[in-house]
Amino acid sequence: MPVALLALAIGAFGIGTTEFVMMGVLPEAAADFGVSIPSAGYLISGYALGVVVGAPLLTAAAVRLPRKTMLLAMMGLFTLGNTLFALSPNQEFGVAFRFLAGLPHGAFFGAGAVVASSLAKPGERAKAVSMMFLGLTLANVVGVPLGTLLGQKVGWRATFGVVAVIGLIAMAAIAKLVPHQGKPVEPSLRGELGAFRRPQVWLALAIVTFGLGGVFACLSYIVPMLTDVTGYSPSNVTLLLSLAGVGMTIGNILGGRLADKALMPSLYVSLFGLATVLAIFTFTANGKVGAAVTIFFVGLAGFMIGPMMQARIMEKAGGTPSLVSAAVQSAFNIANSIGAYLGGLVIAGGFGLVAPNWVGASLAVLGLSLAAVSGGLDRREARLTPAMAS
């Protein structure tokens with residue numbers, strides 16, 4: 001695979017670390033700012049809001065830029081946001097700077113996915129995209145645990161200072177390793193927005209939102225589930241989260257390879273597998289060994305879907321893939337919000353800490369149903385094309 005993918009993976013590693021490590025150092029940040037942990041939770045939602053807002057807006061604003069320039073600009077903004085957050089004098093500034101750090105997230109992955117795809121040989125494009133996203137999944141295995149440990153021992157500000165350094169390293173790697181891409185062919189905002197007139201694009205975004213929403217319904221409440229239901233100590237939960245990260249990493253690699261071979265059949269199997277694993281988790285959560293095995297497969301099945309959907313939406317966008325590719329990251333964060341909200345709803349309703357797994361399984365089934373509709377449209381288009389040609 002092209003060495004330029006390493007530069008993109010480094011950027012993805014930094015982004016993945018800053019997105020998820022906040023959960024690990026939230027108590028330290030809350031104590032430093034003198035606020036409650038629920039109030040400090042705005043530091044998490046502030047970043048997510050930045051992703052949702054920034055993905056379409058920054059991609060649209062930079063549609064005429066060469067993609068290498070776009071990648072450098074987004075990583076520069078990411079580095080600035082994390083640097084300022086590490087220096088925040090209070091929570092209000094902290095939320096604002098987390099929002100700033102989240103703005104380039106989707107635009108970076110959108111441009112990066114297009115670049116990765118363009119560098120790959122025919123038949124290996126989804127694999128190339130998955131190599132970039134490998135940095136995101138490795139962040140959950142290495143970056144988040146080490147960043148959490150650093151934050152607990154030295155202070156949360158040190159964690160985000162290191163993240164800013166990773167951003168600088170990524171900028172240097174992109175400048176050195178990513179070849180000049182030139183401007184997109186006939187770049188125009190109207191052309192990029194035109195992709196959203198295609199039903200298949202909206203179906204792909206809906207599959208991401210609901211299919212991956214199932215993953216987040218489970219993972220948002222995984223810590224109390226593993227401590228209060230399964231009986232693990234908090235220190236062991238950190239290791240189990242790394243196990244989930246290993247599953248995500250393997251799933252990401254497998255998803256990219258399977259997407260190049262048979263995208264839609266692989267997507268059906270992944271969503272069905274995710275729904276099945278989440279349903280099983282409602283039972284295995286009561287045993288330590290069963291819970292550990294199941295959480296690995298939740299990560300594996302869930303993150304097989306990511307590269308498949310990134311490849312799917314770029315395919316359906318035609319010659320204008322940048323904006324819809326970035327929109328996948330907005331859908332991903334909406335999935336996070338929906339999953340967490342619905343999971344919390346059933347817990348608050350008195351259904352227990354394992355109930356979010358049933359919610360997750362239901363969302364995965366909904367994602368599978370939408371995928372079936374999308375596949376049906378493919379078959380209908382295939383039947384109509386020969387008829388129109390004749």
# chains A, B, ... in the order shown; residues from 1 in each chain; ligands from 1
$ residues_around --residues "Gly214 of chain A" --least-positions-apart "3" --cutoff "8 Å" --atoms "only C-alpha atoms" --output "list in words"
Phe210, Gly211, Ala217, Cys218, Ala275, Ala335, Gly339, Asn357, Val359, Gly360, Ala361, Ser362, Leu363 and Ala364 of chain A
$ residues_around --residues "Val269 of chain A" --least-positions-apart "2" --cutoff "12 Å" --atoms "only C-alpha atoms" --output "list in words"
Gly255, Leu258, Ala259, Ala262, Leu263, Met264, Pro265, Ser266, Leu267, Leu271, Phe272, Gly273, Leu274, Ala275, Thr276, Val277, Ala301, Gly302, Met304, Ile305, Met308, Ala364, Val365, Gly367, Leu368, Ala371 and Ala372 of chain A
$ write_last_selection --atoms "C-alpha atoms" --output "PDB file, in the first residue's frame"
ATOM      1  CA  GLY A 255     -14.152  -4.524   6.539  1.00  0.00           C
ATOM      2  CA  LEU A 258     -14.331  -7.532   2.290  1.00  0.00           C
ATOM      3  CA  ALA A 259     -15.731  -4.317   0.825  1.00  0.00           C
ATOM      4  CA  ALA A 262     -18.254  -8.033  -2.201  1.00  0.00           C
ATOM      5  CA  LEU A 263     -19.441  -4.809  -0.585  1.00  0.00           C
ATOM      6  CA  MET A 264     -23.173  -5.287  -0.111  1.00  0.00           C
ATOM      7  CA  PRO A 265     -23.150  -8.982   0.897  1.00  0.00           C
ATOM      8  CA  SER A 266     -20.386  -8.177   3.405  1.00  0.00           C
ATOM      9  CA  LEU A 267     -22.421  -5.259   4.751  1.00  0.00           C
ATOM     10  CA  LEU A 271     -25.012  -5.721  10.347  1.00  0.00           C
ATOM     11  CA  PHE A 272     -26.634  -9.090  11.024  1.00  0.00           C
ATOM     12  CA  GLY A 273     -23.578 -10.120  13.038  1.00  0.00           C
ATOM     13  CA  LEU A 274     -23.667  -6.877  15.028  1.00  0.00           C
ATOM     14  CA  ALA A 275     -27.367  -7.305  15.859  1.00  0.00           C
ATOM     15  CA  THR A 276     -26.737 -10.899  16.927  1.00  0.00           C
ATOM     16  CA  VAL A 277     -23.706 -10.098  19.106  1.00  0.00           C
ATOM     17  CA  ALA A 301     -18.622  -6.407  13.990  1.00  0.00           C
ATOM     18  CA  GLY A 302     -19.333  -2.715  14.532  1.00  0.00           C
ATOM     19  CA  MET A 304     -16.308  -3.675   9.930  1.00  0.00           C
ATOM     20  CA  ILE A 305     -19.163  -1.434   8.846  1.00  0.00           C
ATOM     21  CA  MET A 308     -17.728  -0.462   3.895  1.00  0.00           C
ATOM     22  CA  ALA A 364     -28.567  -2.718  13.984  1.00  0.00           C
ATOM     23  CA  VAL A 365     -31.624  -4.528  12.604  1.00  0.00           C
ATOM     24  CA  GLY A 367     -29.605  -0.520   9.720  1.00  0.00           C
ATOM     25  CA  LEU A 368     -29.784  -3.959   8.084  1.00  0.00           C
ATOM     26  CA  ALA A 371     -29.164  -1.803   3.672  1.00  0.00           C
ATOM     27  CA  ALA A 372     -31.619  -4.283   2.162  1.00  0.00           C
TER      28      ALA A 372
END
$ atom_distance --atom1 "atom CA of Ala279 of chain A" --atom2 "atom CA of Tyr232 of chain A"
20.6 Å
$ atom_distance --atom1 "atom CA of Asn286 of chain A" --atom2 "atom CA of Val208 of chain A"
29.3 Å
$ residues_around --residues "Phe281 of chain A" --least-positions-apart "5" --cutoff "9 Å" --atoms "only C-alpha atoms" --output "PyMOL selection string"
chain A and resi 276+286+290-291+294-295+298+354+357-358
$ write_last_selection --atoms "N, CA, C and O atoms" --output "PDB file, in the first residue's frame"
ATOM      1  N   THR A 276     -26.786  -9.637  16.196  1.00  0.00           N
ATOM      2  CA  THR A 276     -26.737 -10.899  16.927  1.00  0.00           C
ATOM      3  C   THR A 276     -25.846 -10.801  18.156  1.00  0.00           C
ATOM      4  O   THR A 276     -26.215 -11.230  19.260  1.00  0.00           O
ATOM      5  N   ASN A 286     -23.547 -11.211  32.180  1.00  0.00           N
ATOM      6  CA  ASN A 286     -23.604 -11.723  33.553  1.00  0.00           C
ATOM      7  C   ASN A 286     -22.401 -12.588  33.919  1.00  0.00           C
ATOM      8  O   ASN A 286     -22.278 -13.009  35.072  1.00  0.00           O
ATOM      9  N   GLY A 290     -17.616 -14.578  29.351  1.00  0.00           N
ATOM     10  CA  GLY A 290     -18.542 -14.318  28.254  1.00  0.00           C
ATOM     11  C   GLY A 290     -18.585 -12.848  27.882  1.00  0.00           C
ATOM     12  O   GLY A 290     -18.628 -12.499  26.686  1.00  0.00           O
ATOM     13  N   ALA A 291     -18.552 -11.974  28.875  1.00  0.00           N
ATOM     14  CA  ALA A 291     -18.580 -10.530  28.604  1.00  0.00           C
ATOM     15  C   ALA A 291     -17.327 -10.095  27.857  1.00  0.00           C
ATOM     16  O   ALA A 291     -17.394  -9.298  26.909  1.00  0.00           O
ATOM     17  N   THR A 294     -17.515 -11.271  24.268  1.00  0.00           N
ATOM     18  CA  THR A 294     -18.557 -10.576  23.507  1.00  0.00           C
ATOM     19  C   THR A 294     -18.160  -9.147  23.190  1.00  0.00           C
ATOM     20  O   THR A 294     -18.419  -8.660  22.082  1.00  0.00           O
ATOM     21  N   ILE A 295     -17.504  -8.466  24.116  1.00  0.00           N
ATOM     22  CA  ILE A 295     -17.143  -7.073  23.856  1.00  0.00           C
ATOM     23  C   ILE A 295     -16.129  -6.973  22.727  1.00  0.00           C
ATOM     24  O   ILE A 295     -16.117  -6.016  21.944  1.00  0.00           O
ATOM     25  N   VAL A 298     -18.248  -7.205  19.635  1.00  0.00           N
ATOM     26  CA  VAL A 298     -19.002  -5.964  19.397  1.00  0.00           C
ATOM     27  C   VAL A 298     -18.124  -4.974  18.632  1.00  0.00           C
ATOM     28  O   VAL A 298     -18.550  -4.366  17.641  1.00  0.00           O
ATOM     29  N   VAL A 354     -28.235  -3.707  31.272  1.00  0.00           N
ATOM     30  CA  VAL A 354     -27.991  -4.470  30.042  1.00  0.00           C
ATOM     31  C   VAL A 354     -29.001  -4.123  28.948  1.00  0.00           C
ATOM     32  O   VAL A 354     -28.836  -4.537  27.796  1.00  0.00           O
ATOM     33  N   ASN A 357     -28.164  -2.975  25.319  1.00  0.00           N
ATOM     34  CA  ASN A 357     -27.769  -3.961  24.313  1.00  0.00           C
ATOM     35  C   ASN A 357     -28.942  -4.339  23.412  1.00  0.00           C
ATOM     36  O   ASN A 357     -28.776  -4.531  22.201  1.00  0.00           O
ATOM     37  N   TRP A 358     -30.146  -4.442  24.003  1.00  0.00           N
ATOM     38  CA  TRP A 358     -31.338  -4.715  23.191  1.00  0.00           C
ATOM     39  C   TRP A 358     -31.629  -3.534  22.270  1.00  0.00           C
ATOM     40  O   TRP A 358     -32.028  -3.720  21.111  1.00  0.00           O
TER      41      TRP A 358
END
$ closest_residue --among "A:Arg98, A:Lys316, A:Arg67, A:Lys127" --to "Ala204 of chain A" --atoms "only C-alpha atoms"
A:Lys316
$ closest_residue --among "A:Pro179, A:Phe160, A:Ala206, A:Leu212" --to "Asn336 of chain A" --atoms "only C-alpha atoms"
A:Leu212
$ residues_around --residues "segment 144-147 of chain A" --least-positions-apart "6" --cutoff "8 Å" --atoms "only C-alpha atoms" --output "PyMOL selection string"
chain A and resi 17+20-21+24+159+238+242
$ closest_residue --among "A:Ala164, A:Leu241, A:Ala120, A:Met131" --to "Thr18 of chain A" --atoms "only C-alpha atoms"
A:Ala164
$ residues_around --residues "Leu138 of chain A" --least-positions-apart "5" --cutoff "10 Å" --atoms "only C-alpha atoms" --output "PyMOL selection string"
chain A and resi 9-10+12-14+16-17+133+143-144+242+245-246+248-250
$ write_last_selection --atoms "all heavy atoms" --output "short mmCIF file (atom, residue, chain, number, x, y, z; two decimals), in the first residue's frame"
data_model
loop_
_atom_site.label_atom_id
_atom_site.label_comp_id
_atom_site.auth_asym_id
_atom_site.auth_seq_id
_atom_site.Cartn_x
_atom_site.Cartn_y
_atom_site.Cartn_z
N ALA A 9 -2.93 7.93 8.44
CA ALA A 9 -3.22 7.16 9.65
C ALA A 9 -2.75 7.86 10.91
O ALA A 9 -3.38 7.78 11.96
CB ALA A 9 -2.58 5.77 9.54
N ILE A 10 -1.62 8.58 10.82
CA ILE A 10 -1.13 9.34 11.98
C ILE A 10 -2.13 10.43 12.35
O ILE A 10 -2.46 10.63 13.52
CB ILE A 10 0.25 9.96 11.69
CG1 ILE A 10 1.30 8.85 11.53
CG2 ILE A 10 0.67 10.91 12.82
CD1 ILE A 10 2.64 9.35 11.03
N ALA A 12 -5.33 10.37 11.69
CA ALA A 12 -6.50 9.69 12.22
C ALA A 12 -6.28 9.23 13.66
O ALA A 12 -7.19 9.26 14.49
CB ALA A 12 -6.85 8.48 11.34
N PHE A 13 -5.04 8.82 13.96
CA PHE A 13 -4.70 8.40 15.32
C PHE A 13 -4.86 9.58 16.30
O PHE A 13 -5.44 9.42 17.39
CB PHE A 13 -3.27 7.89 15.37
CG PHE A 13 -2.80 7.45 16.73
CD1 PHE A 13 -3.09 6.18 17.21
CD2 PHE A 13 -2.07 8.31 17.53
CE1 PHE A 13 -2.67 5.78 18.47
CE2 PHE A 13 -1.64 7.92 18.80
CZ PHE A 13 -1.94 6.65 19.26
N GLY A 14 -4.37 10.74 15.92
CA GLY A 14 -4.51 11.91 16.77
C GLY A 14 -5.96 12.30 16.97
O GLY A 14 -6.40 12.60 18.09
N GLY A 16 -8.65 10.32 16.66
CA GLY A 16 -9.31 9.31 17.48
C GLY A 16 -8.97 9.43 18.95
O GLY A 16 -9.83 9.25 19.82
N THR A 17 -7.72 9.77 19.22
CA THR A 17 -7.30 9.91 20.61
C THR A 17 -8.00 11.08 21.29
O THR A 17 -8.55 10.94 22.39
CB THR A 17 -5.77 10.10 20.70
OG1 THR A 17 -5.11 8.95 20.14
CG2 THR A 17 -5.32 10.26 22.15
N PHE A 133 -8.21 4.61 8.33
CA PHE A 133 -9.04 4.49 9.53
C PHE A 133 -8.41 3.57 10.57
O PHE A 133 -8.86 3.55 11.71
CB PHE A 133 -10.44 4.02 9.17
CG PHE A 133 -11.34 5.10 8.68
CD1 PHE A 133 -11.42 5.39 7.32
CD2 PHE A 133 -12.08 5.87 9.56
CE1 PHE A 133 -12.23 6.41 6.85
CE2 PHE A 133 -12.90 6.89 9.11
CZ PHE A 133 -12.98 7.16 7.75
N GLY A 143 -3.72 4.91 22.08
CA GLY A 143 -3.78 6.32 22.43
C GLY A 143 -4.65 6.65 23.62
O GLY A 143 -4.23 7.38 24.53
N VAL A 144 -5.85 6.08 23.66
CA VAL A 144 -6.78 6.40 24.75
C VAL A 144 -6.30 5.85 26.10
O VAL A 144 -6.28 6.58 27.09
CB VAL A 144 -8.20 5.91 24.41
CG1 VAL A 144 -9.14 6.07 25.61
CG2 VAL A 144 -8.75 6.68 23.21
N SER A 242 -9.60 -1.84 25.98
CA SER A 242 -8.53 -2.07 25.01
C SER A 242 -8.85 -3.30 24.16
O SER A 242 -8.55 -3.34 22.96
CB SER A 242 -7.18 -2.26 25.72
OG SER A 242 -6.79 -1.07 26.38
N GLY A 245 -11.06 -2.29 21.60
CA GLY A 245 -10.27 -1.57 20.60
C GLY A 245 -9.56 -2.51 19.64
O GLY A 245 -9.45 -2.23 18.45
N VAL A 246 -9.06 -3.63 20.16
CA VAL A 246 -8.44 -4.63 19.29
C VAL A 246 -9.47 -5.18 18.31
O VAL A 246 -9.18 -5.35 17.11
CB VAL A 246 -7.82 -5.78 20.13
CG1 VAL A 246 -7.34 -6.91 19.23
CG2 VAL A 246 -6.66 -5.26 20.97
N MET A 248 -12.10 -3.61 17.24
CA MET A 248 -12.35 -2.54 16.27
C MET A 248 -11.28 -2.51 15.19
O MET A 248 -11.57 -2.33 14.00
CB MET A 248 -12.40 -1.19 16.98
CG MET A 248 -13.56 -1.00 17.93
SD MET A 248 -13.39 0.57 18.84
CE MET A 248 -14.69 0.39 20.07
N THR A 249 -10.02 -2.67 15.61
CA THR A 249 -8.91 -2.62 14.66
C THR A 249 -8.99 -3.76 13.66
O THR A 249 -8.85 -3.56 12.44
CB THR A 249 -7.57 -2.68 15.42
OG1 THR A 249 -7.51 -1.59 16.35
CG2 THR A 249 -6.40 -2.58 14.46
N ILE A 250 -9.22 -4.97 14.16
CA ILE A 250 -9.34 -6.13 13.27
C ILE A 250 -10.56 -5.97 12.36
O ILE A 250 -10.51 -6.25 11.16
CB ILE A 250 -9.42 -7.42 14.09
CG1 ILE A 250 -8.12 -7.64 14.87
CG2 ILE A 250 -9.70 -8.63 13.18
CD1 ILE A 250 -8.16 -8.80 15.84
#
$ residues_around --residues "Val229 of chain A" --least-positions-apart "4" --cutoff "9 Å" --atoms "only C-alpha atoms" --output "PDB file with C-alpha atoms, in the first residue's frame"
ATOM      1  CA  PRO A 224     -21.307   0.559  34.577  1.00  0.00           C
ATOM      2  CA  MET A 225     -22.454  -2.597  32.781  1.00  0.00           C
ATOM      3  CA  ALA A 285     -22.891  -9.647  30.457  1.00  0.00           C
ATOM      4  CA  ASN A 286     -23.604 -11.723  33.553  1.00  0.00           C
ATOM      5  CA  GLY A 287     -20.345 -13.689  33.260  1.00  0.00           C
ATOM      6  CA  LEU A 353     -27.939  -1.733  32.687  1.00  0.00           C
ATOM      7  CA  VAL A 354     -27.991  -4.470  30.042  1.00  0.00           C
TER       8      VAL A 354
END
$ closest_atom_pairs --of "segment 67-123 of chain A" --to "segment 324-334 of chain A" --cutoff "8 Å" --atoms "only C-alpha atoms" --output "CSV"
residue,atom,partner,partner_atom,distance
A:His105,CA,A:Gln329,CA,7.7
A:Gly106,CA,A:Ala326,CA,4.9
A:Ala107,CA,A:Ala326,CA,5.2
A:Phe108,CA,A:Ala326,CA,7.6
A:Phe109,CA,A:Ala326,CA,6.3
A:Gly110,CA,A:Ala326,CA,3.9
A:Ala111,CA,A:Ala326,CA,7.2
A:Ala113,CA,A:Ser325,CA,7.2
A:Val114,CA,A:Ser325,CA,7.7
$ closest_residue --among "A:Glu28, A:Val95, A:Arg257, A:Leu134" --to "Gly81 of chain A" --atoms "only C-alpha atoms"
A:Val95
$ atom_distance --atom1 "atom CA of Gly375 of chain A" --atom2 "atom CA of Phe303 of chain A"
20.3 Å
$ select_by_dssp --residues "segment 132-239 of chain A" --states "alpha helix (DSSP H)" --output "PyMOL selection string"
chain A and resi 132-138+144-153+156-177+189-194+199-219+222-224+234-239
$ decode --residues "segment 126-145 of chain A" --atoms "N, CA, C and O atoms" --output "mmCIF file, in the first residue's frame"
data_model
loop_
_atom_site.group_PDB
_atom_site.id
_atom_site.type_symbol
_atom_site.label_atom_id
_atom_site.label_comp_id
_atom_site.auth_asym_id
_atom_site.auth_seq_id
_atom_site.Cartn_x
_atom_site.Cartn_y
_atom_site.Cartn_z
ATOM 1 N N ALA A 126 -11.274 0.327 -1.023
ATOM 2 C CA ALA A 126 -11.818 0.233 0.332
ATOM 3 C C ALA A 126 -10.736 -0.194 1.319
ATOM 4 O O ALA A 126 -10.699 0.269 2.460
ATOM 5 N N LYS A 127 -9.840 -1.058 0.889
ATOM 6 C CA LYS A 127 -8.714 -1.476 1.730
ATOM 7 C C LYS A 127 -7.843 -0.276 2.074
ATOM 8 O O LYS A 127 -7.403 -0.119 3.217
ATOM 9 N N ALA A 128 -7.587 0.593 1.091
ATOM 10 C CA ALA A 128 -6.775 1.786 1.333
ATOM 11 C C ALA A 128 -7.449 2.717 2.335
ATOM 12 O O ALA A 128 -6.795 3.254 3.235
ATOM 13 N N VAL A 129 -8.760 2.887 2.186
ATOM 14 C CA VAL A 129 -9.495 3.735 3.129
ATOM 15 C C VAL A 129 -9.419 3.142 4.536
ATOM 16 O O VAL A 129 -9.235 3.865 5.526
ATOM 17 N N SER A 130 -9.520 1.824 4.635
ATOM 18 C CA SER A 130 -9.454 1.182 5.951
ATOM 19 C C SER A 130 -8.085 1.354 6.590
ATOM 20 O O SER A 130 -7.962 1.392 7.815
ATOM 21 N N MET A 131 -7.029 1.469 5.776
ATOM 22 C CA MET A 131 -5.685 1.688 6.320
ATOM 23 C C MET A 131 -5.589 3.064 6.976
ATOM 24 O O MET A 131 -4.911 3.231 7.990
ATOM 25 N N MET A 132 -6.246 4.057 6.405
ATOM 26 C CA MET A 132 -6.285 5.365 7.050
ATOM 27 C C MET A 132 -7.058 5.278 8.364
ATOM 28 O O MET A 132 -6.616 5.770 9.401
ATOM 29 N N PHE A 133 -8.214 4.609 8.328
ATOM 30 C CA PHE A 133 -9.037 4.494 9.533
ATOM 31 C C PHE A 133 -8.410 3.572 10.571
ATOM 32 O O PHE A 133 -8.863 3.547 11.713
ATOM 33 N N LEU A 134 -7.358 2.843 10.183
ATOM 34 C CA LEU A 134 -6.642 2.020 11.153
ATOM 35 C C LEU A 134 -6.083 2.895 12.275
ATOM 36 O O LEU A 134 -6.038 2.485 13.435
ATOM 37 N N GLY A 135 -5.676 4.115 11.933
ATOM 38 C CA GLY A 135 -5.180 5.038 12.955
ATOM 39 C C GLY A 135 -6.250 5.358 13.981
ATOM 40 O O GLY A 135 -5.972 5.474 15.178
ATOM 41 N N LEU A 136 -7.511 5.479 13.517
ATOM 42 C CA LEU A 136 -8.621 5.774 14.417
ATOM 43 C C LEU A 136 -8.868 4.627 15.386
ATOM 44 O O LEU A 136 -9.078 4.830 16.586
ATOM 45 N N THR A 137 -8.832 3.401 14.869
ATOM 46 C CA THR A 137 -9.090 2.259 15.748
ATOM 47 C C THR A 137 -7.914 1.991 16.686
ATOM 48 O O THR A 137 -8.103 1.608 17.836
ATOM 49 N N LEU A 138 -6.682 2.201 16.193
ATOM 50 C CA LEU A 138 -5.515 2.024 17.064
ATOM 51 C C LEU A 138 -5.501 3.045 18.194
ATOM 52 O O LEU A 138 -4.934 2.783 19.262
ATOM 53 N N ALA A 139 -6.141 4.181 17.970
ATOM 54 C CA ALA A 139 -6.237 5.171 19.046
ATOM 55 C C ALA A 139 -6.963 4.593 20.246
ATOM 56 O O ALA A 139 -6.637 4.903 21.402
ATOM 57 N N ASN A 140 -7.948 3.727 19.990
ATOM 58 C CA ASN A 140 -8.691 3.111 21.091
ATOM 59 C C ASN A 140 -7.888 2.022 21.794
ATOM 60 O O ASN A 140 -8.175 1.681 22.937
ATOM 61 N N VAL A 141 -6.896 1.457 21.104
ATOM 62 C CA VAL A 141 -6.068 0.410 21.692
ATOM 63 C C VAL A 141 -4.889 1.001 22.448
ATOM 64 O O VAL A 141 -4.521 0.547 23.536
ATOM 65 N N VAL A 142 -4.276 2.044 21.885
ATOM 66 C CA VAL A 142 -3.033 2.604 22.434
ATOM 67 C C VAL A 142 -3.226 4.024 22.951
ATOM 68 O O VAL A 142 -2.912 4.337 24.102
ATOM 69 N N GLY A 143 -3.720 4.907 22.084
ATOM 70 C CA GLY A 143 -3.778 6.321 22.425
ATOM 71 C C GLY A 143 -4.647 6.647 23.620
ATOM 72 O O GLY A 143 -4.228 7.383 24.527
ATOM 73 N N VAL A 144 -5.854 6.080 23.660
ATOM 74 C CA VAL A 144 -6.785 6.395 24.747
ATOM 75 C C VAL A 144 -6.305 5.846 26.096
ATOM 76 O O VAL A 144 -6.277 6.581 27.094
ATOM 77 N N PRO A 145 -5.890 4.558 26.177
ATOM 78 C CA PRO A 145 -5.388 4.073 27.474
ATOM 79 C C PRO A 145 -4.154 4.838 27.972
ATOM 80 O O PRO A 145 -4.079 5.209 29.145
#
